[in-house]
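*Asks:* The following block contains the structure, expressed as structure tokens.
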Amino acid sequence: MAASAKILDAEKPVPTEDWTIVMPRRGKKSRNFNKILIPDQQREEKPWTPIDFETDPLRESKLMQKMQICIQKLENSEFFHSFLHQMQNPDMLAMFLNVLGPETKMVMVMYGIGSIESFEPPRLQLSLAVLMKRNFDWVGEIEVFDPIISLTECKVLTSLGCRVLSINEQGRREALKPTLFFMPHCEADLYDNLLQVNWGVDKLNRIVLFGNSFEAYEHHVSVFNNSDLVDSRKHILAVRRFTKEFIVSTFSDDFFRAFHGSSWHFFGLNPETDLQTLDDKNYIIA
């Protein structure tokens with residue numbers, strides 16, 4: 001599978017006004033992020049375009065104003081200062097740099113952002129991504145996808161320096177280079193898709209994942225002991241033993257809905273690790 005999907009470019013003309021699809025350089029409603037079980041060679045990647053194509057300069061301006069207010073609110077918050085302090089902790093910073101290796105930039109891929117026009121939690125999540133890029137020179141280009149985002153949201157995302165994917169990758173992006181996956185509050189299947197397509201030592205070691213706590217998933221499964229639950233999370237559960245997790249504290253009600261239950265995840269696997277024989281606690285990977 002390709003390292004990245006196609007990108008929507010808001011600067012050039014197509015179906016409506018100034019919207020088009022361009023090829024990349026090679027090398028929270030219920031969303032259509034269902035798990036893909038068919039072989040890669042049989043999977044068709046169909047171009048995605050926003051369902052809501054109605055937009056105008058006033059609507060875009062209002063949303064941009066909402067985003068600017070949200071970015072400023074987050075930047076001045078105790079939560080963000082704590083978040084920055086955690087990322088700058090020597091132990092955690094060393095883990096970021098270890099994933100980065102000889103590269104100078106780590107692309108950020110945001111899945112499942114939701115509607116930034118309709119709800120504040122998605123605006124706060126996007127604000128955090130934007131502020132991370134502003135504060136850390138190793139954070140590279142930000143790529144975004146959610147099947148529910150509108151044309152207005154696409155244009156505002158582009159104005160904020162993000163690139164909107166034109167393909168629903170279903171979370172199945174191969175980490176062929178260091179990649180930060182920004183996925184707070186995504187469905188478990190989306191995390192499992194990501195791990196499945198990167199189920200190898202080299203690829204997992206190129207990933208940094210910001211999203212729902214894997215430790216919490218493991219605890220949930222141990223309490224309910226449901227086979228369907230295990231099956232939908234089997235890669236999450238299997239990789240837990242190799243995962244270094246840093247919990248993100250949300251001590252403010254203003255940011256609880258956007259970030260509660262979120263953690264940083266790093267996968268420190270040595271080259272001899274045999275991922276095909278992981279069967280501890282019956283978490284068997286075929």
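Going through the structure tokens in order, the chains are called A, B, and so on, while each chain numbers its residues from 1 and the ligands are numbered from 1 in the order shown.
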Would you kindly return, as a PyMOL selection string, each protein, DNA or RNA residue with an atom no farther than 7 Å from any atom of region 182-197 of chain A, considering only C-alpha atoms and excluding same-chain residues fewer than 5 positions away?
*Replies:* chain A and resi 33-35+108-112+170-174+209-212+232-233+235-236+259+262
*Asks:* Please return, as a PyMOL selection string, all residues of region 64-228 of chain A that DSSP assigns to strand (DSSP E) on the basis of the backbone.
*Replies:* chain A and resi 106-111+139-145+162-165+179-183+207-212
*Asks:* Using only C-alpha atoms, pick whichever of A:Leu151, A:Thr179, A:Asp254, A:Gly140 has the shortest atom-to-atom distance to Leu204 (chain A).
*Replies:*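 Closest residue, counting only C-alpha atoms: A:Thr179.
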*Asks:* Write out as a PyMOL selection string each polymer residue whose atoms come within 7 Å of Pro121 (chain A), counting only C-alpha atoms; drop sequence neighbours fewer than 4 positions from it.
*Replies:* chain A and resi 125+257-258
*Asks:* At what distance in Å, to one decimal, does CA of Leu128 (chain A) lie from CA of Phe80 (chain A)?
*Replies:*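 Separation of CA of Phe80 (chain A) and CA of Leu128 (chain A): 8.0 Å.
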*Asks:* Could you pull out all residues of region 64-183 of chain A with a DSSP call of helix (DSSP H, G or I) and give them as a VMD selection string?
*Replies:* chain A and resid 64 to 75 78 to 88 90 to 100 120 to 135 151 to 159
*Asks:* Please produce a file of those selected residues containing C-alpha atoms, as a short mmCIF file (atom, residue, chain, number, x, y, z; two decimals), in the first residue's frame.
*Replies:*
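Just written: part06.cif:
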data_model
loop_
_atom_site.label_atom_id
_atom_site.label_comp_id
_atom_site.auth_asym_id
_atom_site.auth_seq_id
_atom_site.Cartn_x
_atom_site.Cartn_y
_atom_site.Cartn_z
CA MET A 64 -11.66 30.52 10.93
CA GLN A 65 -12.51 32.99 13.69
CA LYS A 66 -13.76 30.11 15.87
CA MET A 67 -10.52 28.27 15.24
CA GLN A 68 -8.33 31.26 16.06
CA ILE A 69 -10.21 31.79 19.34
CA CYS A 70 -9.86 28.10 20.15
CA ILE A 71 -6.12 28.05 19.38
CA GLN A 72 -5.58 31.09 21.61
CA LYS A 73 -7.68 29.59 24.40
CA LEU A 74 -5.69 26.35 24.31
CA GLU A 75 -2.31 28.06 23.98
CA GLU A 78 -2.65 25.26 32.03
CA PHE A 79 -3.49 22.07 30.16
CA PHE A 80 -1.35 23.06 27.16
CA HIS A 81 1.56 24.16 29.33
CA SER A 82 1.44 20.78 31.08
CA PHE A 83 1.20 19.01 27.70
CA LEU A 84 4.26 20.86 26.38
CA HIS A 85 6.18 20.11 29.58
CA GLN A 86 5.39 16.40 29.18
CA MET A 87 6.59 16.37 25.56
CA GLN A 88 9.78 18.20 26.54
CA PRO A 90 14.01 14.28 28.54
CA ASP A 91 12.77 10.68 28.63
CA MET A 92 9.82 11.35 26.35
CA LEU A 93 11.76 13.66 24.04
CA ALA A 94 14.35 10.92 23.61
CA MET A 95 11.60 8.58 22.45
CA PHE A 96 10.38 11.08 19.84
CA LEU A 97 13.93 11.52 18.58
CA ASN A 98 14.50 7.77 18.52
CA VAL A 99 11.50 7.33 16.21
CA LEU A 100 12.66 10.27 14.10
CA GLU A 120 -15.65 22.38 20.16
CA PRO A 121 -13.79 19.12 21.00
CA PRO A 122 -12.68 18.66 17.36
CA ARG A 123 -11.61 22.33 17.26
CA LEU A 124 -9.53 21.80 20.40
CA GLN A 125 -7.96 18.66 18.98
CA LEU A 126 -7.04 20.44 15.76
CA SER A 127 -5.75 23.40 17.78
CA LEU A 128 -3.44 21.08 19.69
CA ALA A 129 -2.04 19.65 16.44
CA VAL A 130 -1.47 23.15 15.04
CA LEU A 131 0.26 24.29 18.23
CA MET A 132 2.47 21.20 18.27
CA LYS A 133 3.68 22.06 14.78
CA ARG A 134 4.36 25.64 15.86
CA ASN A 135 6.33 24.57 18.93
CA LEU A 151 -15.90 21.82 1.98
CA THR A 152 -15.89 24.81 4.33
CA GLU A 153 -13.93 22.78 6.88
CA CYS A 154 -11.55 21.58 4.16
CA LYS A 155 -10.79 25.16 3.16
CA VAL A 156 -10.21 26.28 6.74
CA LEU A 157 -7.98 23.26 7.38
CA THR A 158 -5.95 24.23 4.32
CA SER A 159 -5.71 27.84 5.54
#
*Asks:* Report the distance between CA of Pro50 (chain A) and CA of Phe181 (chain A) in Å, rounded to one decimal place.
*Replies:*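 Result for CA of Pro50 (chain A) versus CA of Phe181 (chain A): 22.2 Å, one decimal.
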*Asks:* Calculate how many Å separate CA of Arg206 (chain A) from CA of Ala175 (chain A), rounding to one decimal.
*Replies:*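 One can read the CA of Arg206 (chain A) to CA of Ala175 (chain A) distance as 6.1 Å.
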